[in-house]
Amino acid sequence: MENVQSIKQRFELIGNDVKLNRAIEKAIQVAPTDISVLVTGESGVGKESIPKIIHSLSHRKHAKYIAVNCGAIPEGTIDSELFGHEKGAFTGATQTRSGYFEVADGGTIFLDEVGELPLTTQVRLLRVLENGEFLKVGSSQVQKTDVRIVAATNINMFEAIEKEKFREDLYYRLSTVEIHLPPLRDRQEDVHLLFRKFASDFGQKYKMPTIRLEDDAIQLLLRYRWPGNIRQLRNIAEQISVLEEERSISAATLNSYLPDSSGSNLPAVIGQAKKEGDFSNEREILYKVLFDMKSDLNDLKKLTLELLKDNDSNKVQRENEGLIRKIYGNQEQEEDIEHEETPAELLHLPEPVLEPTTPAPLQQPPEDRYHFAEEIEEEETLSLQEKEIELIKKSLERNKGKRKAAAAELGISERTLYRKIKQYDL
Ligand SMILES: Nc1ncnc2c1ncn2[C@@H]1O[C@H](COP(=O)(O)OP(=O)(O)OP(=O)(O)O)[C@@H](O)[C@H]1O
Ligand SMILES: [Mg+2]
């Protein structure tokens, strides 16, 4: 069996992080079997290398390996792409076509962004996973295939299941073994190593001396959150390699390439390169804070309403676990578990409000209590919408129109960004 180090060399994977090594080790162990694997982790952490490792170390290595980006194929054609179609199955189907599951018989299919699969396709996929059977679109003739599935996702699958966007049975089928790749911010030892590797690669590529980070720049590199993970680090190393004449990079220079300091764990260093009076970045941060506050306020309103309607605070807490986690974050949630605080305590609401024997606050229709908040909300929404449009436009500009990178920078999913681009006609 090949070892982790040789696999890292073969697939040009940099880093010595324990969690990265464990993920590669798991891929090596599971490769010779036909077990379905689900690769999880944030955007840009390197999920795409895992199915390649698995395929190349499996008995299927001489058969086909097909990578399918489920999020990029329109809903109307995905069934036909995956399973093929019969002539005349739909307008434009002038010929019978084989799908990936037929073509990859004996090999491996990598279903990237599997969380984006439409529910109808999920049903078909479940059937293939269960007994290798599928139907071409427009056909009633059952076909057989022998395909190993490796899937990947950067979304929270439990949330998707809760929202009924992903079938629970399919999730368990796909994730017989789950391989999780850690975010870059949790790989402190590897961040600078990766940067040096990318800097050296781009120095060679553009035939320029390799850029080097000064000590304070290394510190900034380590404390930045890297929402776009290794992909973002690589892009920044490339931009700096090409654009900076001075090859010794200070923290201020590096900071001017970081999308905005909201990604940093600590207060940002203000870039010296910025013109005096240019508050564009600061304004963006404020807008972002406003959006987050507005969303938190709505969540809090919902939670409070639940508490008022339902006197059982434990029940409300149980049923709104996701919401509470969203509002208070993980840290608070850990404390929450330790102290077993009720949502009322978390919200600093006076306990009597929750007592069934206290009639006054409950007699009033709950909606009335938010009358004021509702009124100001409409005005807010309009101006916030403009700011949101501005934020999206800027992010797209900064990322040269690349939606994936812009979405990562804005902290929203690519699909949400796509929806907003359509909604605002950008
Ligand atoms: N350990 C690593 N060493 C060197 N480069 C890496 C490493 N991990 C990832 N990369 C590079 O980072 C980039 C992003 O990786 P990849 O495309 O696999 O991300 P991903 O997890 O699939 O993200 P997404 O969920 O957005 O699709 C690629 O260019 C990849 O080559
Ligand atoms: Mg990917």
# chains A, B, ... in the order shown; residues from 1 in each chain; ligands from 1
$ select_by_dssp --residues "region 16-93 of chain A" --states "strand (DSSP E)" --output "PyMOL selection string"
chain A and resi 37-40+65-69
$ write_last_selection --atoms "all heavy atoms" --output "short mmCIF file (atom, residue, chain, number, x, y, z; two decimals), in the first residue's frame"
data_model
loop_
_atom_site.label_atom_id
_atom_site.label_comp_id
_atom_site.auth_asym_id
_atom_site.auth_seq_id
_atom_site.Cartn_x
_atom_site.Cartn_y
_atom_site.Cartn_z
N VAL A 37 -17.83 7.08 -1.07
CA VAL A 37 -17.12 8.02 -0.20
C VAL A 37 -17.69 9.42 -0.39
O VAL A 37 -17.95 9.84 -1.52
CB VAL A 37 -15.61 8.03 -0.53
CG1 VAL A 37 -14.87 9.07 0.33
CG2 VAL A 37 -15.00 6.65 -0.35
N LEU A 38 -17.89 10.12 0.72
CA LEU A 38 -18.31 11.52 0.63
C LEU A 38 -17.18 12.39 1.17
O LEU A 38 -16.74 12.22 2.30
CB LEU A 38 -19.58 11.76 1.45
CG LEU A 38 -20.11 13.19 1.40
CD1 LEU A 38 -20.60 13.55 -0.01
CD2 LEU A 38 -21.26 13.39 2.39
N VAL A 39 -16.69 13.29 0.32
CA VAL A 39 -15.62 14.20 0.73
C VAL A 39 -16.27 15.53 1.15
O VAL A 39 -17.02 16.11 0.38
CB VAL A 39 -14.62 14.45 -0.42
CG1 VAL A 39 -13.39 15.20 0.08
CG2 VAL A 39 -14.22 13.15 -1.09
N THR A 40 -15.98 15.96 2.36
CA THR A 40 -16.58 17.21 2.84
C THR A 40 -15.49 18.22 3.19
O THR A 40 -14.33 17.87 3.39
CB THR A 40 -17.45 16.97 4.10
OG1 THR A 40 -16.62 16.39 5.10
CG2 THR A 40 -18.62 16.06 3.82
N TYR A 65 -12.61 7.47 -15.39
CA TYR A 65 -12.86 8.33 -14.23
C TYR A 65 -13.57 9.56 -14.77
O TYR A 65 -13.03 10.28 -15.62
CB TYR A 65 -11.53 8.73 -13.57
CG TYR A 65 -11.69 9.81 -12.51
CD1 TYR A 65 -12.07 9.48 -11.22
CD2 TYR A 65 -11.45 11.15 -12.81
CE1 TYR A 65 -12.22 10.47 -10.25
CE2 TYR A 65 -11.59 12.14 -11.85
CZ TYR A 65 -11.98 11.79 -10.57
OH TYR A 65 -12.12 12.76 -9.62
N ILE A 66 -14.79 9.77 -14.33
CA ILE A 66 -15.54 10.94 -14.83
C ILE A 66 -15.90 11.85 -13.66
O ILE A 66 -16.49 11.40 -12.68
CB ILE A 66 -16.83 10.51 -15.58
CG1 ILE A 66 -16.45 9.66 -16.81
CG2 ILE A 66 -17.64 11.73 -16.03
CD1 ILE A 66 -17.63 9.21 -17.66
N ALA A 67 -15.50 13.12 -13.78
CA ALA A 67 -15.86 14.09 -12.75
C ALA A 67 -17.03 14.92 -13.26
O ALA A 67 -16.98 15.47 -14.36
CB ALA A 67 -14.67 14.98 -12.45
N VAL A 68 -18.09 14.98 -12.47
CA VAL A 68 -19.28 15.72 -12.87
C VAL A 68 -19.54 16.82 -11.84
O VAL A 68 -19.63 16.53 -10.64
CB VAL A 68 -20.53 14.80 -12.87
CG1 VAL A 68 -21.74 15.52 -13.44
CG2 VAL A 68 -20.26 13.51 -13.62
N ASN A 69 -19.63 18.06 -12.30
CA ASN A 69 -19.97 19.14 -11.37
C ASN A 69 -21.49 19.32 -11.35
O ASN A 69 -22.07 19.96 -12.21
CB ASN A 69 -19.27 20.44 -11.78
CG ASN A 69 -19.47 21.52 -10.73
OD1 ASN A 69 -20.42 21.45 -9.93
ND2 ASN A 69 -18.60 22.50 -10.73
#
$ residues_near_ligand --ligand "ligand 2" --cutoff "10 Å" --atoms "only C-alpha atoms and all ligand atoms" --output "list in words"
Gly41, Glu42, Ser43, Gly44, Val45, Gly46, Lys47, Glu48, Ser49, Asn69, Leu111, Asp112, Glu113, Ala152, Thr153, Asn154, Arg231 and Lys404 of chain A
$ write_last_selection --atoms "C-alpha atoms" --output "compact mmCIF listing (two decimals), in the first residue's frame"
# COMPACT_ATOMS: atom_id res chain seq x y z
CA GLY A 41 -14.95 20.53 3.60
CA GLU A 42 -15.22 24.23 2.82
CA SER A 43 -14.76 25.65 -0.65
CA GLY A 44 -11.16 25.55 -1.88
CA VAL A 45 -9.75 23.04 0.63
CA GLY A 46 -8.68 20.52 -2.02
CA LYS A 47 -11.57 18.08 -2.15
CA GLU A 48 -11.04 17.30 -5.83
CA SER A 49 -7.78 15.44 -5.24
CA ASN A 69 -19.97 19.14 -11.37
CA LEU A 111 -20.09 13.77 -8.18
CA ASP A 112 -18.82 17.19 -7.20
CA GLU A 113 -21.20 19.56 -5.37
CA ALA A 152 -18.07 15.93 -2.58
CA THR A 153 -19.86 18.83 -1.00
CA ASN A 154 -19.04 22.10 0.71
CA ARG A 231 -7.75 28.44 -3.82
CA LYS A 404 -17.22 30.95 -7.18
$ residues_around --residues "region 142-148 of chain A" --least-positions-apart "3" --cutoff "12 Å" --atoms "only C-alpha atoms" --output "count of residues only"
55
$ closest_residue --among "A:Asn156, A:Glu86, A:Glu75, A:Ile389" --to "Ser413 (chain A)" --atoms "only C-alpha atoms"
A:Asn156
$ select_by_dssp --residues "region 170-205 of chain A" --states "helix (DSSP H, G or I)" --output "VMD selection string"
chain A and resid 170 to 174 184 to 186 188 to 205
$ write_last_selection --atoms "C-alpha atoms" --output "compact mmCIF listing (two decimals), in the first residue's frame"
# COMPACT_ATOMS: atom_id res chain seq x y z
CA LEU A 170 -29.16 9.03 -0.16
CA TYR A 171 -26.90 10.91 2.22
CA TYR A 172 -26.29 7.75 4.26
CA ARG A 173 -25.71 5.74 1.09
CA LEU A 174 -23.16 8.22 -0.22
CA LEU A 184 -6.83 26.40 5.83
CA ARG A 185 -7.22 28.55 8.95
CA ASP A 186 -6.97 25.34 11.00
CA GLN A 188 -1.51 27.04 10.74
CA GLU A 189 1.67 25.05 10.06
CA ASP A 190 0.83 24.75 6.37
CA VAL A 191 -0.24 28.27 5.44
CA HIS A 192 3.22 29.73 4.91
CA LEU A 193 4.49 26.51 3.40
CA LEU A 194 1.73 26.61 0.79
CA PHE A 195 2.34 30.30 0.11
CA ARG A 196 6.06 29.67 -0.47
CA LYS A 197 5.27 26.82 -2.84
CA PHE A 198 2.81 28.94 -4.85
CA ALA A 199 5.18 31.94 -4.82
CA SER A 200 7.97 29.76 -6.18
CA ASP A 201 5.69 28.22 -8.87
CA PHE A 202 4.47 31.64 -10.03
CA GLY A 203 7.99 33.11 -9.91
CA GLN A 204 9.04 30.39 -12.36
CA LYS A 205 5.92 30.68 -14.47
$ residues_around --residues "Leu220 (chain A)" --least-positions-apart "2" --cutoff "8 Å" --atoms "only C-alpha atoms" --output "VMD selection string"
chain A and resid 216 to 218 222 to 224 251 254 to 255
$ write_last_selection --atoms "C-alpha atoms" --output "PDB file, in the first residue's frame"
ATOM      1  CA  ASP A 216       4.742  40.971   9.787  1.00  0.00           C
ATOM      2  CA  ALA A 217       3.252  39.725   6.491  1.00  0.00           C
ATOM      3  CA  ILE A 218       3.697  36.123   7.665  1.00  0.00           C
ATOM      4  CA  LEU A 222      -1.465  33.251   9.689  1.00  0.00           C
ATOM      5  CA  ARG A 223      -4.268  35.204  11.293  1.00  0.00           C
ATOM      6  CA  TYR A 224      -6.341  35.810   8.169  1.00  0.00           C
ATOM      7  CA  ALA A 251       1.996  43.203   5.754  1.00  0.00           C
ATOM      8  CA  LEU A 254      -0.344  41.760   1.539  1.00  0.00           C
ATOM      9  CA  ASN A 255      -3.320  43.346   3.282  1.00  0.00           C
TER      10      ASN A 255
END
$ atom_distance --atom1 "CA of Tyr424 (chain A)" --atom2 "CA of Glu397 (chain A)"
15.7 Å
$ closest_residue --among "A:Pro182, A:Asp312, A:Ser395, A:Arg247" --to "Asp17 (chain A)" --atoms "only C-alpha atoms"
A:Pro182
$ closest_residue --among "A:Met293, A:Ala27, A:Ile50, A:Leu221" --to "ligand 1" --atoms "only C-alpha atoms and all ligand atoms"
A:Ile50
$ atom_distance --atom1 "CA of Arg212 (chain A)" --atom2 "CA of Gln232 (chain A)"
17.7 Å
$ atom_distance --atom1 "atom 12 (O, counted along the ligand's line) of ligand 1" --atom2 "CA of Lys422 (chain A)"
28.4 Å
$ residues_around --residues "Val4 (chain A)" --least-positions-apart "6" --cutoff "10 Å" --atoms "only C-alpha atoms" --output "MDAnalysis selection string"
chainID A and resid 10 20:28
